[in-house]
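Chemist: Below is one structure. I have some questions about it.
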Amino acid sequence: MVRPRNEEAPLVATAARPLDHGPGLLFCPGNRPDRFARALAAADAVVLDLEDAVGPDDKDGARAAVVDALAGLDRTRVVVRVNAPGTPAHDGDVAALAAHPDLTLMLPMATSAAAVEALAPHPVIALCETAHGVLEAPSIARATNCAGLMWGSEDLLADLGGRTGRATGGGYGPALTEARTRILYAARAAGLDPVDTVLTDIADTDTLLADTLDAAAAGFAAKACIHPSQVEVVRRGFRPTDAEAEHARALLAEARRHPGVFRFGGEMVDAPVLARARAVLRRAEA
């Protein structure tokens with residue numbers, strides 16, 4: 001969802017975007033057109049991937065398959081990840097997708113606002129997956145056509161020269177936690193939705209759920225998946241419990257009786273508390 005930005009940041013179009021539809025963002029290889037419709041049916045939005053999921057010899061075929069398929073897909077729920085700037089396939093991807101200026105693109109290896117704006121008028125989800133990209137996230141988020149920020153743990157760990165990104169007791173280690181937090185702050189400060197990284201261990205649903213619950217609690221809007229089986233776990237992690245939703249409803253109902261700050265269940269309720277309650281209900285009713 002593209003939210004109202006701060007006064008210093010330019011606005012992007014407010015038409016429906018992929019992140020408006022829910023938290024489960026599923027990657028699908030661009031050279032597997034037989035999977036496009038199934039991926040879209042399984043997820044809230046799909047990322048047709050022309051980059052990492054496609055080998056060098058298949059780039060042209062994948063690009064053609066994606067372009068051919070776009071006419072038959074709900075483009076408000078589709079993102080296309082193009083190849084990174086400076087790579088042989090990047091310019092070809094951008095040229096082929098120019099006929100769909102409303103299509104949201106994902107820019108891998110994003111390191112500057114200029115690289116995002118070079119894809120205008122496309123809305124762009126900037127994927128920050130290098131040390132440079134993470135440090136530049138605040139300026140990237142202020143690009144005129146930036147529609148979201150995502151961080152990429154696997155490429156970032158490689159760029160940092162790290163051995164593992166996970167902490168012994170669960171969650172991420174300090175270096176990746178720092179990057180994750182920076183992306184969250186940069187996106188929200190610019191009025192954009194942040195997207196949490198993928199978990200590559202498809203079978204580890206316990207870790208996926210724990211990561212998702214943490215992402216939702218922190219303020220991420222969505223989490224990327226690499227397999228359809230991960231989508232429902234992500235949805236479950238973002239969905240408020242029945243008790244949370246009922247508490248939010250009761251709190252908002254009580255707020256209608258009070259013009260200012262009031263006490264509810266032992267808690268002082270003011271504008272930020274009400275805003276969180278509304279967010280809980282939006283997620284519960286989505």
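If you're wondering about the labels, chains in the structure tokens are A, B, ... by order shown, residues count from 1 in each chain, ligands from 1 in order shown.
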To test your reading of the structure, identify every residue in stretch 49-146 of chain A that backbone DSSP assigns to helix (DSSP H, G or I), and report it as a ChimeraX atom specification.
Modeler: /A:56-70,75-77,90-97,113-117,131-135,137-141
Chemist: Could you name the residues that touch A:Glu232 at 9 Å or less, counting only C-alpha atoms, but leaving out those on the same chain fewer than 4 positions away, as a PyMOL selection string?
Modeler: chain A and resi 24+42-43+228+236-237
Chemist: Restricted to N, CA, C and O atoms, what would the selected residues look like written as a PDB file, in the first residue's frame?
Modeler:
ATOM      1  N   GLY A  24       1.179 -11.996   1.786  1.00  0.00           N
ATOM      2  CA  GLY A  24       1.891 -13.120   1.187  1.00  0.00           C
ATOM      3  C   GLY A  24       2.360 -12.822  -0.221  1.00  0.00           C
ATOM      4  O   GLY A  24       1.573 -12.879  -1.169  1.00  0.00           O
ATOM      5  N   ALA A  42      -2.456 -18.779  -5.428  1.00  0.00           N
ATOM      6  CA  ALA A  42      -2.024 -19.219  -4.100  1.00  0.00           C
ATOM      7  C   ALA A  42      -1.626 -18.078  -3.182  1.00  0.00           C
ATOM      8  O   ALA A  42      -1.632 -18.239  -1.962  1.00  0.00           O
ATOM      9  N   ALA A  43      -1.272 -16.929  -3.759  1.00  0.00           N
ATOM     10  CA  ALA A  43      -0.678 -15.844  -2.978  1.00  0.00           C
ATOM     11  C   ALA A  43      -1.520 -14.587  -3.052  1.00  0.00           C
ATOM     12  O   ALA A  43      -2.449 -14.478  -3.851  1.00  0.00           O
ATOM     13  N   PRO A 228       4.728 -21.913  -2.590  1.00  0.00           N
ATOM     14  CA  PRO A 228       3.321 -21.688  -2.243  1.00  0.00           C
ATOM     15  C   PRO A 228       2.947 -22.160  -0.839  1.00  0.00           C
ATOM     16  O   PRO A 228       2.065 -21.568  -0.204  1.00  0.00           O
ATOM     17  N   ARG A 236      -1.035 -16.440   8.303  1.00  0.00           N
ATOM     18  CA  ARG A 236      -1.372 -16.725   9.698  1.00  0.00           C
ATOM     19  C   ARG A 236      -0.570 -15.845  10.649  1.00  0.00           C
ATOM     20  O   ARG A 236      -1.083 -15.357  11.653  1.00  0.00           O
ATOM     21  N   GLY A 237       0.697 -15.628  10.316  1.00  0.00           N
ATOM     22  CA  GLY A 237       1.535 -14.803  11.174  1.00  0.00           C
ATOM     23  C   GLY A 237       1.111 -13.344  11.209  1.00  0.00           C
ATOM     24  O   GLY A 237       1.271 -12.677  12.229  1.00  0.00           O
TER      25      GLY A 237
END
Chemist: Any idea what's packed within 12 Å of stretch 47-61 of chain A, counting only C-alpha atoms, ignoring anything in its chain fewer than 6 positions away? Could you give it as a ChimeraX atom specification?
Modeler: /A:18-19,24-37,39-40,67-70,73,75-85,87-94,96-97,103-109,125,154-155,223-227
Chemist: Enumerate as an MDAnalysis selection string all residues of stretch 100-161 of chain A assigned to strand (DSSP E) by DSSP on the backbone, naming them with the chain letters and numbers the document uses.
Modeler: chainID A and resid 104:107 124:128 146:151
Chemist: Excluding same-chain residues fewer than 3 positions from A:Val116, what lies within 8 Å of it counting only C-alpha atoms, as a PyMOL selection string?
Modeler: chain A and resi 107+110+112-113+119-120+124+126+140+143+145-146
Chemist: Could you please determine the separation between atom CA of A:Arg263 and atom CA of A:Ala248 in Å, to one decimal place?
Modeler: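 About the pair atom CA of A:Arg263 and atom CA of A:Ala248: they are 13.9 Å apart.
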Chemist: Counting only C-alpha atoms, what is within 12 Å of A:Thr181, bar same-chain residues fewer than 3 positions away, as a PyMOL selection string?
Modeler: chain A and resi 134-135+137-138+149-151+172+174-178+184-188+194-197+214-215+218-220
